[in-house]
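Q: First the structure, which I've put down as structure tokens, then a few questions once you've had a look.
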Amino acid sequence: MQSALRLLWRDWRGGELTLLLFSLILATATITSISLFVSRIQNSILDEASHFLAADAQVRGSLAISQEWQDQAKTRDLQTATALGFRGMVFSDKGMHLGRVKAVTDSYPLKGEMQLSLQPFGTIDEIGNAPARGEVWLASRLFGLLNIEPGDRVQLGEAYFIASRAIIKEPDSPQSFFGVAPRVIMHIDDVESTHVVKTGSRINYTWMLAGNSENIEAFKTWIEPLLGEHHRWVGIKEGNRGIEGALNRAERFLLLAGSLCVVLSGLAIAISARRYADRQSAHVALLKTFGLRPTDINRLYAINLAVLGLLGVGFGILGGWFLHTAMLSIVSAFLPKALVAPSLSSWLVGALSCFIALLAFAAPPILALRQVPPARVLRKTGNDTLISKMRAGTIGCVAVLFLIFWYSRSISMTVILALGGLLCLLGVWVFAQVLVALSRKLSGSLNKNWRLGLANLQRHKQSNALQIVIFSVLFMLLFVMSIVRTGLLAQWEQQIPEKAPNHFAFNIFPNEKPALDTLLAQEGIERQPFYPMVRGRVIKINDDLMKDRRENAENNMNYVRELNLTWSDTLGSDNKILEGNWWQESNNEELLVSAETEYAKGLKLQLGDTLVFSIAGQEVSAKVASFRSVQWDSMNPNFFMIFNRPLLDGNTANWLTSFYLPGDKKLLLNQLARDFPTISVVELDQMLDQVRSIIQQVSLGIEFILVLILSAGFLVLITSVQATLDTRMQESAILRTLGANKKLVSMTLVIEFASLGFLSGLLAVIGAEAMLYILQTRTFELGWTPHFILWLSGPVIAALLIGLIGWLSTKKVVSTPPLKTLRAY
Amino acid sequence: MIITRQLCQRVPVVDGQLDILKGINLEIKQGESVAIVGSSGSGKTTLLGMLAGLDLPSSGEILLDNTELTQLDEEARAKVRGKLVSFVFQDFQLLGSLTALENVLLPLEVRGQENVEALAERYLERVGLAQRHHHYPKQLSGGEQQRVALARAFACEAPLLFADEPTGNLDTATGKKIADLLFSMNEEAGTTLILVTHDMELAKRCQRQLVMEAGELREI
């Protein structure tokens, strides 16, 4: 052990280990910083997203929560709050209106803020929890509907309350656009006195939970089998359809970024370890002449590797922490004030990746040193390749795949990257051989510098082909990352454009449409088209009762609730037919329905099935004509079921529209409430702002991660160029002793590297385009178009970069006196 | 000390096989100094590698201090080398990251000997490098580097010393000084010396001279 450490120390002192240790530290630091950064941003985003639920998770249901569940939550250190939801008529001296009552416990909300005002639609005057007993808080527009002022008395059931505050923002305000009566919030202990809630009343129980994510997950695992048909679990994502897509795509991008980081770091470690092993082989041969046995060599280098690993992990984690703090401080303006702590696992990711990378990339060439023949001391055989490139490559690939899978937990991403990588490697290898040979042929008609440069390229055909593979894979990954990032950001910007509709008005009767139109037009507010809407539920599928299908449903969709049904000739731009056909106007005789795909999947619907709906007490049969995907986060009105023609006589429907209302025109809502008391308006502006802020955070996170990945990529480039420095030093020294001046040697090297870069860039573009096609169409659903700019700029960027790095790294080659170099070899 | 019987070494080449060593029979007694001479490519370095247990022959036997080397695997041969053998090489084979003293210490540490610093220092003084303990190889001249190599070889106090062209990389004057040092130290230590060289003057300083020609060995 002692002699191993002494050896390690001497190697370190001699600079042999610098590059390898640096690669290890950087790999660990990069992965740790990304995983810490991602974990904290993600946790913070989830924390912010949790405001939509007023909790980290909810259990919703039609029955009260049992004492056993409550006790479990307590023992698992979870905070809880309960909300009881029901409908009730609210009376004032001058009017009455149906209210959507939420009765809450004192601890509500667990996440987010309840913003209140002393005036309807007023400024935020207060942040509250639950109203005091004897008080209720009302939605601003309910004050108008009941014709009362704050402080007036209202009656709910048999009890009287003071309507003390207007609700400006409720954290878990409904995201369902329909059937929303204005909100009434009261204290849960007042419910009994109203006598509104009786056995058999339709009540929704929402049990809110908050705590650290591990405890929430553990509780979810415990409770899910016990939920039964009366309760369901709602996590942050399930509860946030609006941001689900953005979050999922961001998560996928970050996982992709992390996985690529693992690949790049692995490459850097592999290259520097091979260089270290090459340089150590003479050393090992000598040690063997001293009597050191192969097992001693193994032990010696195993200890070396372990110490290297520990140092790499220790400094890497430390570096990762600083790096992620620096990243956070730069984006701090866009982040919540108090960031949520990173998960424990994010600390381990970097450390474990480092050890696995060390074992898979560094250990094989280093531990193969035991095979160095001792006779090498007598006959220098050049750089013995003790472990075949194929074998090292296989071990490396398996490790990379394992790491990517472990990191992303996604088989599809692992398979896409594996297949893409494998195909590209294969293609790149063949192309590299051909291109290197071609460049040699071309060089005949060129001047001295170019001739020598290209001759170098040809002479190092094997090692250059390998470098081209490394460079191309590297550039390919960098091009892919940059383009996916640009695509994602653009798509997010598109998803919620600046003036996206942020208010939905519904329950509009046909005769109210012209007047509403006029009012909005007077105020200069542009509205979306009117959509018809009726409410109904599916009661039979072919001959099966809905109840039976529902019980066997394979997803956790709420099949109990009433559906909003509409009819239309045209398919919305955010809807896509996946199976079947959208109807032509001609086949209007039979009643057809197009079902949302997830809804249909859960019920195992087939094209041609007959669905029987119960609508306004009548049964209506329709044949399933198509299944549609719906982009729920588009903020447009969307429906689970769309029919091909009006239902019933068409007059039972009321209508729905949406419009963008800027902040300074919010008071228009008062007038709307007065002039159209039956129309319901859902305000989504707060939620949209919140979604925008989340997307902004995610975008910034992605920008920074791209910068990190680029840095890791540069490290690989530098390592890879450095790895060939020994040979180049020797060759340049010979060239210079033969009379070549510094400028010629320097130019030759730059040309060789720039040509390598150009060829790599060209191959990288081909590979990147193929990979982008798969990723953009399958993983990110971004759609694909050829990237012409990349085809033009990719090879040039690569040539400039590799030329520059080559020139900088080989400055030493030119500046070292040739005699000194030749003596050293 | 060393006995070989019908030692052959064949390597495959494009058009068949090349015999590098053709049935070498040799006996070297303890304390003898033997020079193996021959032109480049005659197979003398290959023979040295086999005698020292660095390589194995295609056929034949090598007995080193009564141990049949061809029956041993690399682990066991390494053990034998550790006990019996030390080397001096044409290109010195000093580790660039180690100082002169550390280079001398290295084989001693590898063999598990303790408190060897004084011993190493004594040998460095013996080769005239008392003031250069902490110099790295690149700070030493070729002659000085070979002195360090001599100090390293003798510090092991192994009964067998193999020297492969020890003056081959040095100018005549320096080469002569190194040869003087090698022979005087060898005499002091009573080591069995097997010297491979193409320098007849150097070979003549050994008790026996053998010439290697086209894979065959004969006494001069």
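Chains: A, B, ... in order of the structure tokens. Residues: from 1 per chain. Ligands: from 1, in order shown.
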Any chance you could tabulate, as a Markdown table, the residues of chain B at most 10 Å from chain A with each one's nearest atom pair and distance in Å to one decimal, using only C-alpha atoms, in chain and rising number order?
A:
```
| residue | atom | partner | partner_atom | distance |
| --- | --- | --- | --- | --- |
| B:Thr45 | CA | A:Leu378 | CA | 7.1 |
| B:Thr46 | CA | A:Leu378 | CA | 8.4 |
| B:Leu48 | CA | A:Leu378 | CA | 9.0 |
| B:Gly49 | CA | A:Ala375 | CA | 6.1 |
| B:Met50 | CA | A:Ala375 | CA | 8.7 |
| B:Ala52 | CA | A:Thr289 | CA | 8.7 |
| B:Gly53 | CA | A:Ala375 | CA | 8.7 |
| B:Leu54 | CA | A:Ala375 | CA | 5.0 |
| B:Asp55 | CA | A:Ala375 | CA | 6.0 |
| B:Leu56 | CA | A:Ala375 | CA | 9.7 |
| B:Glu74 | CA | A:Arg293 | CA | 7.1 |
| B:Glu75 | CA | A:Arg293 | CA | 5.0 |
| B:Ala76 | CA | A:Arg293 | CA | 7.7 |
| B:Arg77 | CA | A:Gly291 | CA | 8.0 |
| B:Ala78 | CA | A:Gly291 | CA | 4.5 |
| B:Lys79 | CA | A:Gly291 | CA | 5.4 |
| B:Val80 | CA | A:Gly291 | CA | 7.1 |
| B:Arg81 | CA | A:Gly291 | CA | 5.0 |
| B:Gly82 | CA | A:Gly291 | CA | 3.6 |
| B:Lys83 | CA | A:Gly291 | CA | 7.3 |
| B:Leu84 | CA | A:Gly291 | CA | 9.0 |
| B:Val85 | CA | A:Phe290 | CA | 7.6 |
| B:Ser86 | CA | A:Phe290 | CA | 6.9 |
| B:Phe87 | CA | A:Thr289 | CA | 7.7 |
| B:Phe89 | CA | A:Leu378 | CA | 7.4 |
| B:Gln90 | CA | A:Leu378 | CA | 8.4 |
| B:Asp91 | CA | A:Leu378 | CA | 9.0 |
| B:Phe92 | CA | A:Val377 | CA | 9.7 |
| B:Gln93 | CA | A:Leu286 | CA | 7.4 |
| B:Leu94 | CA | A:Leu286 | CA | 8.8 |
| B:Leu95 | CA | A:His283 | CA | 7.0 |
| B:Gly96 | CA | A:Gly14 | CA | 7.5 |
| B:Ser97 | CA | A:Gly14 | CA | 4.5 |
| B:Leu98 | CA | A:Arg10 | CA | 6.6 |
| B:Thr99 | CA | A:Arg10 | CA | 9.5 |
| B:Glu102 | CA | A:Arg10 | CA | 9.4 |
| B:Leu106 | CA | A:Leu287 | CA | 8.3 |
| B:Pro107 | CA | A:Phe290 | CA | 5.4 |
| B:Leu108 | CA | A:Phe290 | CA | 8.4 |
| B:Glu109 | CA | A:Ser3 | CA | 7.1 |
| B:Val110 | CA | A:Leu292 | CA | 6.5 |
| B:Arg111 | CA | A:Gly291 | CA | 7.0 |
| B:Gly112 | CA | A:Ser3 | CA | 9.0 |
| B:Pro137 | CA | A:Ala824 | CA | 9.9 |
| B:Lys138 | CA | A:Ala824 | CA | 8.0 |
| B:Gly142 | CA | A:Arg823 | CA | 9.7 |
| B:Ala153 | CA | A:Phe290 | CA | 9.5 |
| B:Cys156 | CA | A:Phe290 | CA | 8.9 |
| B:Asp164 | CA | A:Leu378 | CA | 7.7 |
```
Q: Which residues of region 95-175 of chain B have any atom within 12 Å of an atom in region 182-198 of chain B when counting only C-alpha atoms, and what is the closest pair of atoms for each, with the distance in Å to one decimal? Order the rows by chain and rising number and write it as a Markdown table.
A:
```
| residue | atom | partner | partner_atom | distance |
| --- | --- | --- | --- | --- |
| B:Tyr123 | CA | B:Met185 | CA | 9.9 |
| B:Arg126 | CA | B:Met185 | CA | 8.8 |
| B:Val127 | CA | B:Met185 | CA | 9.1 |
| B:Gln146 | CA | B:Leu182 | CA | 10.0 |
| B:Arg147 | CA | B:Leu182 | CA | 8.9 |
| B:Val148 | CA | B:Leu182 | CA | 11.5 |
| B:Ala149 | CA | B:Leu182 | CA | 10.3 |
| B:Leu150 | CA | B:Leu182 | CA | 7.0 |
| B:Ala151 | CA | B:Met185 | CA | 9.3 |
| B:Arg152 | CA | B:Leu182 | CA | 11.8 |
| B:Ala153 | CA | B:Leu182 | CA | 9.9 |
| B:Phe154 | CA | B:Met185 | CA | 7.6 |
| B:Ala155 | CA | B:Ala189 | CA | 10.0 |
| B:Cys156 | CA | B:Ala189 | CA | 10.7 |
| B:Glu157 | CA | B:Ala189 | CA | 7.5 |
| B:Ala158 | CA | B:Thr191 | CA | 7.4 |
| B:Pro159 | CA | B:Thr191 | CA | 5.0 |
| B:Leu160 | CA | B:Thr192 | CA | 4.8 |
| B:Leu161 | CA | B:Leu193 | CA | 4.9 |
| B:Phe162 | CA | B:Ile194 | CA | 4.9 |
| B:Ala163 | CA | B:Leu195 | CA | 4.7 |
| B:Asp164 | CA | B:Val196 | CA | 4.9 |
| B:Glu165 | CA | B:Thr197 | CA | 4.8 |
| B:Pro166 | CA | B:Thr197 | CA | 7.8 |
| B:Thr167 | CA | B:Thr197 | CA | 8.4 |
| B:Gly168 | CA | B:Thr197 | CA | 7.8 |
| B:Asn169 | CA | B:Thr197 | CA | 11.5 |
| B:Gly175 | CA | B:Leu182 | CA | 10.3 |
```
Q: How would the residues just picked look written out with C-alpha atoms as an mmCIF file, in the first residue's frame?
A:
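See result_18.cif below for the written result:
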```
data_model
loop_
_atom_site.group_PDB
_atom_site.id
_atom_site.type_symbol
_atom_site.label_atom_id
_atom_site.label_comp_id
_atom_site.auth_asym_id
_atom_site.auth_seq_id
_atom_site.Cartn_x
_atom_site.Cartn_y
_atom_site.Cartn_z
ATOM 1 C CA TYR B 123 25.965 3.515 -3.986
ATOM 2 C CA ARG B 126 30.282 5.148 -5.035
ATOM 3 C CA VAL B 127 29.427 6.170 -8.609
ATOM 4 C CA GLN B 146 24.273 5.531 -16.652
ATOM 5 C CA ARG B 147 26.086 5.983 -13.331
ATOM 6 C CA VAL B 148 22.727 6.193 -11.600
ATOM 7 C CA ALA B 149 21.739 3.016 -13.465
ATOM 8 C CA LEU B 150 24.912 1.301 -12.216
ATOM 9 C CA ALA B 151 24.215 2.410 -8.671
ATOM 10 C CA ARG B 152 20.692 1.043 -9.023
ATOM 11 C CA ALA B 153 21.924 -2.289 -10.377
ATOM 12 C CA PHE B 154 24.559 -2.859 -7.698
ATOM 13 C CA ALA B 155 22.428 -1.558 -4.844
ATOM 14 C CA CYS B 156 20.179 -4.565 -5.402
ATOM 15 C CA GLU B 157 23.119 -6.755 -4.436
ATOM 16 C CA ALA B 158 21.798 -9.450 -6.741
ATOM 17 C CA PRO B 159 24.221 -12.260 -7.652
ATOM 18 C CA LEU B 160 23.618 -11.823 -11.426
ATOM 19 C CA LEU B 161 24.070 -8.652 -13.447
ATOM 20 C CA PHE B 162 22.921 -8.390 -17.025
ATOM 21 C CA ALA B 163 24.288 -5.450 -18.971
ATOM 22 C CA ASP B 164 22.853 -4.683 -22.390
ATOM 23 C CA GLU B 165 25.210 -2.419 -24.376
ATOM 24 C CA PRO B 166 25.933 -0.314 -21.264
ATOM 25 C CA THR B 167 28.164 2.102 -23.183
ATOM 26 C CA GLY B 168 26.240 2.026 -26.441
ATOM 27 C CA ASN B 169 24.650 5.447 -25.950
ATOM 28 C CA GLY B 175 31.870 4.991 -22.182
#
```
Q: Give the helix (DSSP H, G or I) residues of region 3-218 of chain B, as DSSP finds them on the backbone, and put them as a PyMOL selection string.
A: chain B and resi 44-51+69-71+74-84+100-110+117-126+130-132+137-139+142-155+172-189+200-204
Q: Taking the DSSP secondary structure from the backbone, can you list the residues of region 639-728 of chain A that are strand (DSSP E or B), as a list of chain:residue names?
A: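 For region 639-728 of chain A, the strand (DSSP E or B) set is A:Met641, A:Ile642, A:Phe643, A:Asn654, A:Trp655, A:Leu656, A:Thr657, A:Ser658, A:Phe659, A:Ser680, A:Val681, A:Val682, A:Glu683.
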Q: Could you please take those selected residues and save N, CA and C atoms as a short mmCIF file (atom, residue, chain, number, x, y, z; two decimals), in the first residue's frame?
A:
```cif
data_model
loop_
_atom_site.label_atom_id
_atom_site.label_comp_id
_atom_site.auth_asym_id
_atom_site.auth_seq_id
_atom_site.Cartn_x
_atom_site.Cartn_y
_atom_site.Cartn_z
N MET A 641 -64.57 14.71 -25.99
CA MET A 641 -65.45 14.15 -27.03
C MET A 641 -65.91 15.27 -27.97
N ILE A 642 -65.71 15.05 -29.26
CA ILE A 642 -66.23 16.00 -30.26
C ILE A 642 -67.15 15.23 -31.21
N PHE A 643 -68.36 15.75 -31.43
CA PHE A 643 -69.31 15.10 -32.32
C PHE A 643 -69.28 15.76 -33.70
N ASN A 654 -75.05 25.51 -24.34
CA ASN A 654 -74.63 26.88 -24.15
C ASN A 654 -73.25 27.01 -24.78
N TRP A 655 -72.69 28.21 -24.78
CA TRP A 655 -71.51 28.45 -25.59
C TRP A 655 -70.34 28.91 -24.74
N LEU A 656 -69.20 28.80 -25.36
CA LEU A 656 -67.96 29.07 -24.63
C LEU A 656 -67.03 29.89 -25.53
N THR A 657 -66.31 30.82 -24.94
CA THR A 657 -65.29 31.54 -25.71
C THR A 657 -64.13 31.89 -24.79
N SER A 658 -63.07 32.37 -25.36
CA SER A 658 -61.94 32.80 -24.53
C SER A 658 -61.38 34.08 -25.10
N PHE A 659 -60.73 34.86 -24.25
CA PHE A 659 -60.16 36.13 -24.72
C PHE A 659 -59.00 36.54 -23.84
N SER A 680 -70.28 32.45 -16.66
CA SER A 680 -69.17 32.22 -15.74
C SER A 680 -67.86 32.56 -16.44
N VAL A 681 -66.97 33.18 -15.67
CA VAL A 681 -65.66 33.52 -16.25
C VAL A 681 -64.57 32.86 -15.40
N VAL A 682 -63.67 32.19 -16.06
CA VAL A 682 -62.52 31.63 -15.34
C VAL A 682 -61.31 32.46 -15.67
N GLU A 683 -60.63 32.93 -14.60
CA GLU A 683 -59.45 33.77 -14.81
C GLU A 683 -58.21 32.89 -14.77
#
```
Q: To one decimal in Å, tell me the separation between CA of Val284 (chain A) and CA of Ile36 (chain B).
A: 26.7 Å
Q: If you count only C-alpha atoms, which residues fall within 12 Å of Cys8 (chain B), apart from same-chain ones fewer than 5 positions away, as number ranges by chain?
A: B: 18-25, 43, 46-47, 50, 56-62, 70, 215-217
Q: CA of Ala81 (chain A) to CA of Thr206 (chain A): how many Å, to one decimal?
A: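 Between CA of Ala81 (chain A) and CA of Thr206 (chain A) the gap is 8.4 Å.
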Q: When you draw a straight line from CA of Val612 (chain A) to CA of Leu591 (chain A), how long is it in Å?
A: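 A separation of 11.1 Å between them.
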Q: Counting only C-alpha atoms, which residues of region 651-728 of chain A fall within 8 Å of region 809-814 of chain A, and what is the closest atom pair for each with its distance in Å at one decimal, ordered by chain and rising number, as a Markdown table?
A:
```
| residue | atom | partner | partner_atom | distance |
| --- | --- | --- | --- | --- |
| A:Ile718 | CA | A:Ser809 | CA | 7.5 |
| A:Val721 | CA | A:Ser809 | CA | 7.2 |
| A:Gln722 | CA | A:Ser809 | CA | 6.7 |
| A:Leu725 | CA | A:Thr810 | CA | 7.1 |
| A:Arg728 | CA | A:Val813 | CA | 7.1 |
```
Q: Take the residues from that selection and write them out as an mmCIF file, in the first residue's frame, keeping N, CA and C atoms.
A:
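As a result, part.cif now contains:
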```cif
data_model
loop_
_atom_site.group_PDB
_atom_site.id
_atom_site.type_symbol
_atom_site.label_atom_id
_atom_site.label_comp_id
_atom_site.auth_asym_id
_atom_site.auth_seq_id
_atom_site.Cartn_x
_atom_site.Cartn_y
_atom_site.Cartn_z
ATOM 1 N N ILE A 718 -9.476 18.772 -25.928
ATOM 2 C CA ILE A 718 -8.108 19.067 -25.485
ATOM 3 C C ILE A 718 -7.399 17.780 -25.081
ATOM 4 N N VAL A 721 -6.434 15.796 -28.141
ATOM 5 C CA VAL A 721 -5.283 16.356 -28.859
ATOM 6 C C VAL A 721 -4.009 16.118 -28.058
ATOM 7 N N GLN A 722 -4.116 16.302 -26.748
ATOM 8 C CA GLN A 722 -2.955 16.107 -25.871
ATOM 9 C C GLN A 722 -2.432 14.680 -25.965
ATOM 10 N N LEU A 725 0.208 14.126 -28.403
ATOM 11 C CA LEU A 725 1.286 15.098 -28.358
ATOM 12 C C LEU A 725 2.667 14.449 -28.442
ATOM 13 N N ARG A 728 3.619 13.587 -31.944
ATOM 14 C CA ARG A 728 3.814 14.797 -32.732
ATOM 15 C C ARG A 728 5.112 15.508 -32.374
#
```
Q: For Ile168 (chain A), which residue out of A:Val184, A:Leu592, A:Ile124, A:Val154 is the nearest one, using only C-alpha atoms?
A: A:Ile124
Q: Counting only C-alpha atoms, which of B:Leu7, B:Leu140, B:Met212, B:Cys206 gets nearest to Gly31 (chain B)?
A: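 Comparing B:Leu7, B:Leu140, B:Met212, B:Cys206 against Gly31 (chain B), the winner is B:Cys206.
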